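Written out below as structure tokens is the structure these notes cover.
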Amino acid sequence: MFHSNHGTRRSAAAVRSSTSGGLEGGGVGSPAASSASEGSSFRPSASTFWLLLHGLCCLISLFLGFRFSRLIFVLLFSNTIYTYTTTTTTTITSTRTETLTVSFPLTHTPPIETAVKPNNSAIELSDKMLNQGSSHSQVVVGRHGIRIRPWPHPDPTEVMRAHQIIVRVQQEQRKWYGVKSPRPLIVITPTYARTFQALHLTGLIHCLRNVPYPVTWIVVEAGGVTNETASLLARSRVQFLHIPFHEKMPVEWAERHLTENRMRLLGLRVIRERNMDGIVLFADDSNVHSLDLFDEIQKVQWMGSVSVGILAHSGGPDRTLLTEDEKLNPPIPVQGPACNSSGHLIGWHTFNSIPYSEKSATFVGESATVLPGKMEWSGFVFNARMIWKEAEEGRPEWVKDLDKIGENGEEIESPLALVNDASFVEPLGDCGKKVMLWWMRVEARADSKFPPGWIIDPPLEIVVPSKRTPWQESDDLAGGKLEQDDRRFTRPKSRSSSKRKNTLPGQDN
Amino acid sequence: MGNEIWIVALLLSQALLLPIAQAAEPHTERISGSAGDVLEDDPVGRLKVFVYNLPRKYNKKMVDKDSRCLTHMFATEIFMHRFLLSSPVRTLDPEEADWFYTPVYTTCDLTPGGHPLPFKSPRIMRSAIQYVAMNWPYWNRTDGADHFFVTPHDFGACFHYQEETAIQRGILHLLKRATLVQTFGQRNHVCLKEGSITVPPYAPPQKMQAHLVSPSTPRSIFVYFRGLFYDVNNDPEGGYYARGARASVWENFKSNPLFDISTDHPPTYYEDMQRSVFCLCPLGWAPWSPRLVEAVVFGCIPVIIADDIVLPFADAIPWEEIAVFVAEKDVPSLDTILTSIPAEVILRKQRLLANPSMKQAMLFPQPAQAGDAFHQILNGLARKLPHDRSVYLKPGEKVLNWTAGPIGDLKPW
């Protein structure tokens, strides 16, 4: 909306006079204040007094740099206790004529509007406003105060109430627009106690807690049930089953993949024994899931497949080692279903691991690229009834019986081994175009240590040197100092707080 | 004998179908305003409108000169004209018309920046009325009481963007008896005449439809607002713009995580509104804004902060049940007000907003569709029929004073 700068840009002096003039009821409406303040005679009269006051206010404002008189008037006339108005500092030149309308209830005639116009029209205007036919109209044109409460910060009770409102609104949205009859989820996770287990499992726990459907979590642990995993699960507030797996997790990646497959099959056998109902999903503990995934897999009939983004690059120096060939044909980091134009499954995208064949990691914790298998288990979901013992009505013939898998001791590489005919798998997520989970393997060295339960007990004794230690410039000094500190940790009794110069670390006792 | 069976069968099937149709969509609710359940009324057959054929200089020439008139928020006047030309309520016989429409575009004189200048608008309107009065007898028959005009500018037919000047000018004298269709509405204000029809501002429907997201996207923002809080060009200190209400919102809630408010205009503005529970619609220089239309279309509950405002189609839409009204003096406790609304009330408001007839009534689609704002205007006009006998002047009687108003308005255009 176009709004021109109504008054011309005047000096502060002129404005001040018109401001106070406005408050007086439009009597002294003359904008030519500069001449007025100078040409005032010393007759003792009210107008002289006001003119002198104007002049004083002008001078003070010139020095202070903001509209001083306005502040005075506001403080004098504002009689509301808990609200107050702001005065913001302004530069002298940016002004316009205006009226001071203070924020108190209008019990008497409203102040007149702009004092620029001659008196007659100003009074006429006020009469017109009053003659609108209602004395209830409190809406006045002109400058109003900006109301600010004394403590303009959020109140925690109100924030909680707002969150409850949002939860209720979202519940209602799910009811009308979300999945109509949601089925419970059964999530199978193979895990084992190691340094990064708490990191990965915490992320997964938080994800599962945000899933709006009932979740049963089957955690299969290699090496038997440990306190580490048990304590994490106990605090998780997710319904879980903690299943021990008799083998220990091997250190080589290839072996680890195979062991994990066996652990997942064990999970499937548990489902079969207990006849659990729902949708089976494989969530590896280091994978990253999006909540859209859980809404999408509700659509599965028997067996479905989603696209998995492969985050093989660990962000290390591998990135710069792409060969020319790789730069031309970059490895597509997605594993999942491939469809033709009419939306039918025709094949699979797999991760092109040929460029990495020499540079991939063999041991867990090695700082090299970890490669996924050909078809990751996490990209497949299926209906739990598919693996039940009794041939449920509707269970398709293209599904193999679970007991017959692995009985000859062969390794199960991918869930496609569970079915006779892979063409019946349903592609989900807009035929694989939408990536809703990411495969990632980040582990510390297999022999790395971590405090049990990630609780430091008894607390470390931290020694603070008596002198403020300067930031070390050279590495030698830093190395020497660190070694000194290290040795203090290992021998808590010898707490010496003074620095000893010229002492080689080896000689310190 | 056979006929009776058919009739009974028909009635039974109607009775059975109605509840089924309603049960299928229980996440919306029927809207019934003070005039009743009138949003879905069809005006065709209830009134007849005669469209005067004015010379090009009053309408087409202005649009040809600057086509930005077709996309700004005052484009209602142009689209109303186009709609009426091809509508079934139009009649070519003025003797049988109930209402007369004068297609004069008073808000199409734009600055280089795109803002309409209202300085010539009174003269343009006067000139159009003089043309109509001279060439057809219908104006003088009632002195304009059965004529209607579309005046979508900031303060309607007061023809000025600045409120003080608009109040001083008042509504153009010649329009004293006519019905005004305008965006501005504020109770006890000079520029809102008794019997005016308040309409929403024009917002391009295609642009809004293009940004719709799936309704299952969870609403996670509590309060949303994008716009100015201080108009630094025209009111640097605040207190004038929006009567200090927008500045008050900023100062009180800028650090509140529940309030997603800023002056930034992101490209995901429409999508964000669909992810919010409440959308603030505070006044600016005038009490109305296109935000109301956007909030209704995107299902975000509008929080109206404008004292005494009259919202569009106030007799057909029960705004108190749909929007939340907050007095300007209560802005510092806005968070308390909004968080203490019970969840059931909020869900009901969302159900009312989800009603497609509500969204249709706020839009001006081209070509016109059933139940849209054009039809609501016609419904409003139809509700004012039949004209009282007293509007027809006796021969020789004159009510309007053709020389009233500021001298500058009397110059011919």
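We name chains A, B, ... following the order of the structure tokens; residues begin at 1 in each chain, and ligands are numbered from 1 as shown.
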
Range 103-120 of chain B environment, 6 Å, only C-alpha atoms, sequence neighbours closer than 5 positions dropped, as an MDAnalysis selection string
(chainID A and resid 2) or (chainID B and resid 58:59 69 159:160)

Report the residues of range 399-451 of chain A whose backbone DSSP state falls under alpha helix (DSSP H), written as a PyMOL selection string.
chain A and resi 429-432

Let me see the file: selected residues, all heavy atoms, as a compact mmCIF listing (two decimals), in the first residue's frame.
```txt
# COMPACT_ATOMS: atom_id res chain seq x y z
N GLY A 429 7.63 -46.47 -1.79
CA GLY A 429 8.30 -45.17 -1.83
C GLY A 429 8.35 -44.62 -3.24
O GLY A 429 9.41 -44.28 -3.73
N ASP A 430 7.18 -44.54 -3.87
CA ASP A 430 7.10 -44.00 -5.22
C ASP A 430 8.03 -44.76 -6.14
O ASP A 430 8.86 -44.21 -6.84
CB ASP A 430 7.45 -42.50 -5.23
CG ASP A 430 7.06 -41.83 -6.53
OD1 ASP A 430 6.27 -42.42 -7.28
OD2 ASP A 430 7.59 -40.75 -6.81
N CYS A 431 7.90 -46.08 -6.08
CA CYS A 431 8.70 -46.98 -6.89
C CYS A 431 10.19 -46.76 -6.69
O CYS A 431 10.95 -46.76 -7.64
CB CYS A 431 8.34 -46.79 -8.37
SG CYS A 431 8.46 -48.34 -9.25
N GLY A 432 10.57 -46.60 -5.45
CA GLY A 432 11.98 -46.49 -5.16
C GLY A 432 12.57 -45.12 -5.38
O GLY A 432 13.75 -44.90 -5.11
```

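For range 255-259 of chain A, the non-local neighbours within 8 Å, defined as residues at least 6 positions apart in the same chain or in other chains and counting only C-alpha atoms, are Met249, Gly373, Glu411, Ile412 and Glu413 of chain A.
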
Could you turn the residues from that selection into a file that holds N, CA, C and O atoms, as a PDB file, in the first residue's frame?
```
ATOM      1  N   MET A 249      30.661 -61.513  17.689  1.00  0.00           N
ATOM      2  CA  MET A 249      30.735 -60.808  16.408  1.00  0.00           C
ATOM      3  C   MET A 249      32.176 -60.806  15.907  1.00  0.00           C
ATOM      4  O   MET A 249      33.077 -60.395  16.626  1.00  0.00           O
ATOM      5  N   GLY A 373      26.624 -55.006   1.428  1.00  0.00           N
ATOM      6  CA  GLY A 373      26.447 -56.221   0.644  1.00  0.00           C
ATOM      7  C   GLY A 373      25.714 -55.888  -0.641  1.00  0.00           C
ATOM      8  O   GLY A 373      25.382 -54.747  -0.926  1.00  0.00           O
ATOM      9  N   GLU A 411      24.795 -69.798   3.248  1.00  0.00           N
ATOM     10  CA  GLU A 411      24.643 -68.461   3.783  1.00  0.00           C
ATOM     11  C   GLU A 411      23.513 -67.738   3.076  1.00  0.00           C
ATOM     12  O   GLU A 411      23.375 -67.834   1.860  1.00  0.00           O
ATOM     13  N   ILE A 412      22.763 -66.996   3.848  1.00  0.00           N
ATOM     14  CA  ILE A 412      21.665 -66.216   3.269  1.00  0.00           C
ATOM     15  C   ILE A 412      22.168 -64.802   3.058  1.00  0.00           C
ATOM     16  O   ILE A 412      22.497 -64.100   4.009  1.00  0.00           O
ATOM     17  N   GLU A 413      22.268 -64.406   1.818  1.00  0.00           N
ATOM     18  CA  GLU A 413      22.858 -63.095   1.547  1.00  0.00           C
ATOM     19  C   GLU A 413      21.817 -61.985   1.595  1.00  0.00           C
ATOM     20  O   GLU A 413      22.104 -60.874   2.002  1.00  0.00           O
TER      21      GLU A 413
END
```

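Candidate residues A:Gln173, A:Thr350, A:Ser466, A:Ser45 were compared for distance to chain B, and the nearest is A:Gln173, using only C-alpha atoms.
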
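For the pair CA of Leu338 in chain B and CA of Ile146 in chain A, the interatomic distance is 20.3 Å.
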
In terms of only C-alpha atoms, the residue from A:Arg235, A:Arg385, A:Arg149, A:Lys433 at minimal distance from Gln335 in chain A is A:Lys433

Could you please write out, as a PyMOL selection string, every residue of range 12-204 of chain B that DSSP assigns to strand (DSSP E)?
chain B and resi 49-51+99-101+147-150+179-182+197-198

Please write the residues from the selection above to a file, keeping all heavy atoms, as a compact mmCIF listing (two decimals), in the first residue's frame.
```txt
# COMPACT_ATOMS: atom_id res chain seq x y z
N VAL B 49 -28.93 -8.49 -13.14
CA VAL B 49 -28.00 -7.36 -13.10
C VAL B 49 -27.83 -6.82 -14.51
O VAL B 49 -27.61 -7.58 -15.45
CB VAL B 49 -26.63 -7.82 -12.55
CG1 VAL B 49 -25.64 -6.69 -12.59
CG2 VAL B 49 -26.78 -8.35 -11.14
N PHE B 50 -27.94 -5.49 -14.65
CA PHE B 50 -27.69 -4.87 -15.93
C PHE B 50 -26.32 -4.20 -15.86
O PHE B 50 -26.05 -3.45 -14.94
CB PHE B 50 -28.77 -3.84 -16.25
CG PHE B 50 -28.53 -3.11 -17.54
CD1 PHE B 50 -28.73 -3.76 -18.75
CD2 PHE B 50 -28.10 -1.80 -17.55
CE1 PHE B 50 -28.51 -3.10 -19.94
CE2 PHE B 50 -27.87 -1.12 -18.73
CZ PHE B 50 -28.07 -1.77 -19.94
N VAL B 51 -25.48 -4.47 -16.85
CA VAL B 51 -24.12 -3.90 -16.87
C VAL B 51 -24.11 -2.75 -17.86
O VAL B 51 -24.36 -2.94 -19.04
CB VAL B 51 -23.10 -4.98 -17.28
CG1 VAL B 51 -21.71 -4.42 -17.25
CG2 VAL B 51 -23.21 -6.19 -16.38
N TRP B 99 -30.54 -4.83 -10.21
CA TRP B 99 -29.35 -4.07 -9.85
C TRP B 99 -28.64 -3.60 -11.10
O TRP B 99 -28.66 -4.26 -12.14
CB TRP B 99 -28.38 -4.97 -9.06
CG TRP B 99 -28.81 -5.26 -7.66
CD1 TRP B 99 -29.39 -6.40 -7.20
CD2 TRP B 99 -28.66 -4.40 -6.53
NE1 TRP B 99 -29.62 -6.32 -5.86
CE2 TRP B 99 -29.17 -5.09 -5.41
CE3 TRP B 99 -28.15 -3.11 -6.33
CZ2 TRP B 99 -29.20 -4.54 -4.15
CZ3 TRP B 99 -28.17 -2.58 -5.06
CH2 TRP B 99 -28.69 -3.29 -3.99
N PHE B 100 -27.97 -2.47 -11.00
CA PHE B 100 -27.23 -1.92 -12.12
C PHE B 100 -25.76 -1.83 -11.74
O PHE B 100 -25.42 -1.36 -10.65
CB PHE B 100 -27.75 -0.51 -12.47
CG PHE B 100 -29.15 -0.53 -12.98
CD1 PHE B 100 -30.23 -0.55 -12.12
CD2 PHE B 100 -29.40 -0.55 -14.36
CE1 PHE B 100 -31.53 -0.57 -12.59
CE2 PHE B 100 -30.69 -0.58 -14.83
CZ PHE B 100 -31.76 -0.58 -13.95
N TYR B 101 -24.89 -2.27 -12.63
CA TYR B 101 -23.46 -2.27 -12.32
C TYR B 101 -22.74 -1.31 -13.25
O TYR B 101 -22.94 -1.35 -14.46
CB TYR B 101 -22.90 -3.69 -12.47
CG TYR B 101 -21.40 -3.75 -12.32
CD1 TYR B 101 -20.78 -3.41 -11.13
CD2 TYR B 101 -20.61 -4.14 -13.38
CE1 TYR B 101 -19.42 -3.44 -10.99
CE2 TYR B 101 -19.23 -4.18 -13.26
CZ TYR B 101 -18.65 -3.83 -12.06
OH TYR B 101 -17.29 -3.87 -11.92
N HIS B 147 -28.11 0.83 -7.66
CA HIS B 147 -26.84 0.64 -8.37
C HIS B 147 -25.81 0.14 -7.38
O HIS B 147 -25.85 0.50 -6.19
CB HIS B 147 -26.36 1.97 -8.95
CG HIS B 147 -27.18 2.44 -10.11
ND1 HIS B 147 -28.54 2.66 -10.02
CD2 HIS B 147 -26.82 2.73 -11.39
CE1 HIS B 147 -28.99 3.06 -11.20
NE2 HIS B 147 -27.97 3.11 -12.04
N PHE B 148 -24.86 -0.65 -7.86
CA PHE B 148 -23.77 -1.03 -6.97
C PHE B 148 -22.45 -0.81 -7.66
O PHE B 148 -22.33 -0.86 -8.89
CB PHE B 148 -23.92 -2.46 -6.45
CG PHE B 148 -23.67 -3.55 -7.44
CD1 PHE B 148 -22.41 -4.13 -7.57
CD2 PHE B 148 -24.71 -4.04 -8.23
CE1 PHE B 148 -22.19 -5.16 -8.46
CE2 PHE B 148 -24.48 -5.08 -9.13
CZ PHE B 148 -23.22 -5.63 -9.24
N PHE B 149 -21.43 -0.54 -6.85
CA PHE B 149 -20.09 -0.22 -7.34
C PHE B 149 -19.08 -1.06 -6.57
O PHE B 149 -19.28 -1.34 -5.39
CB PHE B 149 -19.77 1.26 -7.10
CG PHE B 149 -20.63 2.21 -7.88
CD1 PHE B 149 -21.89 2.57 -7.40
CD2 PHE B 149 -20.21 2.72 -9.09
CE1 PHE B 149 -22.69 3.43 -8.12
CE2 PHE B 149 -21.01 3.58 -9.81
CZ PHE B 149 -22.26 3.94 -9.34
N VAL B 150 -18.00 -1.38 -7.24
CA VAL B 150 -16.92 -2.12 -6.57
C VAL B 150 -15.79 -1.14 -6.28
O VAL B 150 -15.23 -0.56 -7.20
CB VAL B 150 -16.40 -3.26 -7.46
CG1 VAL B 150 -15.29 -4.02 -6.75
CG2 VAL B 150 -17.52 -4.21 -7.83
N THR B 179 -25.09 0.95 -3.33
CA THR B 179 -24.49 -0.13 -2.52
C THR B 179 -23.03 -0.26 -2.92
O THR B 179 -22.70 -0.26 -4.10
CB THR B 179 -25.22 -1.46 -2.79
OG1 THR B 179 -26.56 -1.34 -2.35
CG2 THR B 179 -24.56 -2.59 -2.05
N LEU B 180 -22.17 -0.35 -1.94
CA LEU B 180 -20.75 -0.45 -2.22
C LEU B 180 -20.24 -1.85 -1.91
O LEU B 180 -20.56 -2.40 -0.85
CB LEU B 180 -19.98 0.56 -1.36
CG LEU B 180 -20.30 2.02 -1.67
CD1 LEU B 180 -19.60 2.92 -0.68
CD2 LEU B 180 -19.87 2.36 -3.08
N VAL B 181 -19.48 -2.38 -2.83
CA VAL B 181 -18.84 -3.68 -2.61
C VAL B 181 -17.36 -3.36 -2.39
O VAL B 181 -16.67 -2.92 -3.29
CB VAL B 181 -19.01 -4.59 -3.84
CG1 VAL B 181 -18.26 -5.89 -3.66
CG2 VAL B 181 -20.47 -4.84 -4.08
N GLN B 182 -16.88 -3.53 -1.17
CA GLN B 182 -15.53 -3.05 -0.87
C GLN B 182 -14.81 -4.01 0.07
O GLN B 182 -15.44 -4.84 0.72
CB GLN B 182 -15.62 -1.68 -0.21
CG GLN B 182 -16.44 -1.69 1.07
CD GLN B 182 -16.61 -0.30 1.63
OE1 GLN B 182 -16.91 0.65 0.90
NE2 GLN B 182 -16.41 -0.16 2.92
N ILE B 197 -21.34 -4.35 1.14
CA ILE B 197 -20.97 -5.77 1.14
C ILE B 197 -19.46 -5.83 1.24
O ILE B 197 -18.75 -5.30 0.38
CB ILE B 197 -21.46 -6.45 -0.14
CG1 ILE B 197 -22.99 -6.38 -0.19
CG2 ILE B 197 -20.99 -7.88 -0.20
CD1 ILE B 197 -23.57 -6.96 -1.43
N THR B 198 -18.96 -6.48 2.31
CA THR B 198 -17.51 -6.57 2.45
C THR B 198 -17.04 -7.84 1.77
O THR B 198 -17.61 -8.91 1.98
CB THR B 198 -17.13 -6.67 3.94
OG1 THR B 198 -18.14 -6.09 4.71
CG2 THR B 198 -15.81 -6.01 4.20
```

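Residues with any atom within 10 Å of Arg291 in chain B, counting only C-alpha atoms and excluding same-chain neighbours fewer than 5 positions away, are B:Pro200, B:Pro201, B:Ala203, B:Phe225, B:Arg226, B:Gly227, B:Cys279, B:Leu280, B:Cys281, B:Pro282, B:Val296, B:Val297, B:Pro302, B:Ile304.
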
Please save N, CA, C and O atoms of the selected residues as a PDB file, in the first residue's frame.
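Output file result_28.pdb is given in full below:
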```pdb
ATOM      1  N   PRO B 200     -13.481 -10.249   0.353  1.00  0.00           N
ATOM      2  CA  PRO B 200     -12.057 -10.462   0.607  1.00  0.00           C
ATOM      3  C   PRO B 200     -11.220  -9.781  -0.462  1.00  0.00           C
ATOM      4  O   PRO B 200     -11.693  -9.568  -1.572  1.00  0.00           O
ATOM      5  N   PRO B 201      -9.962  -9.443  -0.146  1.00  0.00           N
ATOM      6  CA  PRO B 201      -9.096  -8.887  -1.187  1.00  0.00           C
ATOM      7  C   PRO B 201      -8.740  -9.960  -2.206  1.00  0.00           C
ATOM      8  O   PRO B 201      -8.814 -11.154  -1.917  1.00  0.00           O
ATOM      9  N   ALA B 203      -6.697 -12.471  -4.144  1.00  0.00           N
ATOM     10  CA  ALA B 203      -5.440 -13.220  -4.035  1.00  0.00           C
ATOM     11  C   ALA B 203      -5.446 -14.231  -5.170  1.00  0.00           C
ATOM     12  O   ALA B 203      -6.458 -14.894  -5.384  1.00  0.00           O
ATOM     13  N   PHE B 225       3.667 -15.894  11.352  1.00  0.00           N
ATOM     14  CA  PHE B 225       3.402 -14.588  10.759  1.00  0.00           C
ATOM     15  C   PHE B 225       4.625 -14.159   9.988  1.00  0.00           C
ATOM     16  O   PHE B 225       5.747 -14.296  10.452  1.00  0.00           O
ATOM     17  N   ARG B 226       4.397 -13.623   8.776  1.00  0.00           N
ATOM     18  CA  ARG B 226       5.483 -13.009   8.026  1.00  0.00           C
ATOM     19  C   ARG B 226       4.990 -11.662   7.548  1.00  0.00           C
ATOM     20  O   ARG B 226       3.951 -11.564   6.901  1.00  0.00           O
ATOM     21  N   GLY B 227       5.748 -10.616   7.834  1.00  0.00           N
ATOM     22  CA  GLY B 227       5.341  -9.286   7.392  1.00  0.00           C
ATOM     23  C   GLY B 227       6.080  -8.242   8.188  1.00  0.00           C
ATOM     24  O   GLY B 227       6.916  -8.539   9.030  1.00  0.00           O
ATOM     25  N   CYS B 279      -2.419 -18.484  12.357  1.00  0.00           N
ATOM     26  CA  CYS B 279      -1.731 -17.499  11.528  1.00  0.00           C
ATOM     27  C   CYS B 279      -2.213 -16.120  11.962  1.00  0.00           C
ATOM     28  O   CYS B 279      -3.417 -15.863  11.979  1.00  0.00           O
ATOM     29  N   LEU B 280      -1.278 -15.243  12.281  1.00  0.00           N
ATOM     30  CA  LEU B 280      -1.686 -13.916  12.725  1.00  0.00           C
ATOM     31  C   LEU B 280      -2.135 -13.078  11.535  1.00  0.00           C
ATOM     32  O   LEU B 280      -1.489 -13.077  10.493  1.00  0.00           O
ATOM     33  N   CYS B 281      -3.228 -12.358  11.679  1.00  0.00           N
ATOM     34  CA  CYS B 281      -3.694 -11.427  10.652  1.00  0.00           C
ATOM     35  C   CYS B 281      -3.893 -10.065  11.313  1.00  0.00           C
ATOM     36  O   CYS B 281      -5.034  -9.633  11.523  1.00  0.00           O
ATOM     37  N   PRO B 282      -2.810  -9.376  11.646  1.00  0.00           N
ATOM     38  CA  PRO B 282      -2.990  -8.083  12.280  1.00  0.00           C
ATOM     39  C   PRO B 282      -3.265  -7.010  11.248  1.00  0.00           C
ATOM     40  O   PRO B 282      -2.978  -7.176  10.070  1.00  0.00           O
ATOM     41  N   VAL B 296      -7.314 -18.905   5.378  1.00  0.00           N
ATOM     42  CA  VAL B 296      -8.494 -19.761   5.188  1.00  0.00           C
ATOM     43  C   VAL B 296      -8.199 -20.847   4.157  1.00  0.00           C
ATOM     44  O   VAL B 296      -8.536 -22.003   4.343  1.00  0.00           O
ATOM     45  N   VAL B 297      -7.539 -20.482   3.077  1.00  0.00           N
ATOM     46  CA  VAL B 297      -7.271 -21.474   2.031  1.00  0.00           C
ATOM     47  C   VAL B 297      -6.336 -22.565   2.553  1.00  0.00           C
ATOM     48  O   VAL B 297      -6.474 -23.730   2.205  1.00  0.00           O
ATOM     49  N   PRO B 302      -7.117 -18.165  11.511  1.00  0.00           N
ATOM     50  CA  PRO B 302      -6.680 -16.766  11.525  1.00  0.00           C
ATOM     51  C   PRO B 302      -6.884 -16.132  12.905  1.00  0.00           C
ATOM     52  O   PRO B 302      -7.914 -16.340  13.547  1.00  0.00           O
ATOM     53  N   ILE B 304      -7.268 -12.632  14.337  1.00  0.00           N
ATOM     54  CA  ILE B 304      -7.521 -11.275  13.829  1.00  0.00           C
ATOM     55  C   ILE B 304      -7.196 -10.274  14.933  1.00  0.00           C
ATOM     56  O   ILE B 304      -7.795 -10.318  16.016  1.00  0.00           O
TER      57      ILE B 304
END
```

Which residues come within 9 Å of Met73 in chain B, counting only C-alpha atoms, excluding same-chain residues fewer than 3 positions away, as a PyMOL selection string?
chain B and resi 69-70+76+152-153+201-204+289-290

What residues in chain B lie within 7 Å of chain A, counting only C-alpha atoms, written as a PyMOL selection string?
chain B and resi 27+115+161-162+164+168+188+215-216+218-220+234+237+239-240+243-245+247-248+251-253+255-256+307+332+336+339+343+347

Nearby residues (only C-alpha atoms) at most 8 Å from range 273-287 of chain A, same-chain spacing under 4 positions excluded, as a ChimeraX atom specification:
/A:183-191,197,200-201,204,264,269,297-298,377-385,388,437-442

Would you kindly return, as a count of residues only, each protein, DNA or RNA residue with an atom no farther than 10 Å from any atom of Val213 in chain B, considering only C-alpha atoms and excluding same-chain residues fewer than 5 positions away?
6

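CA of Ala417 in chain A lies 10.6 Å from CA of Asp401 in chain A.
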
CA of Ile377 in chain B and CA of Leu393 in chain B, how far apart in Å?
26.0 Å
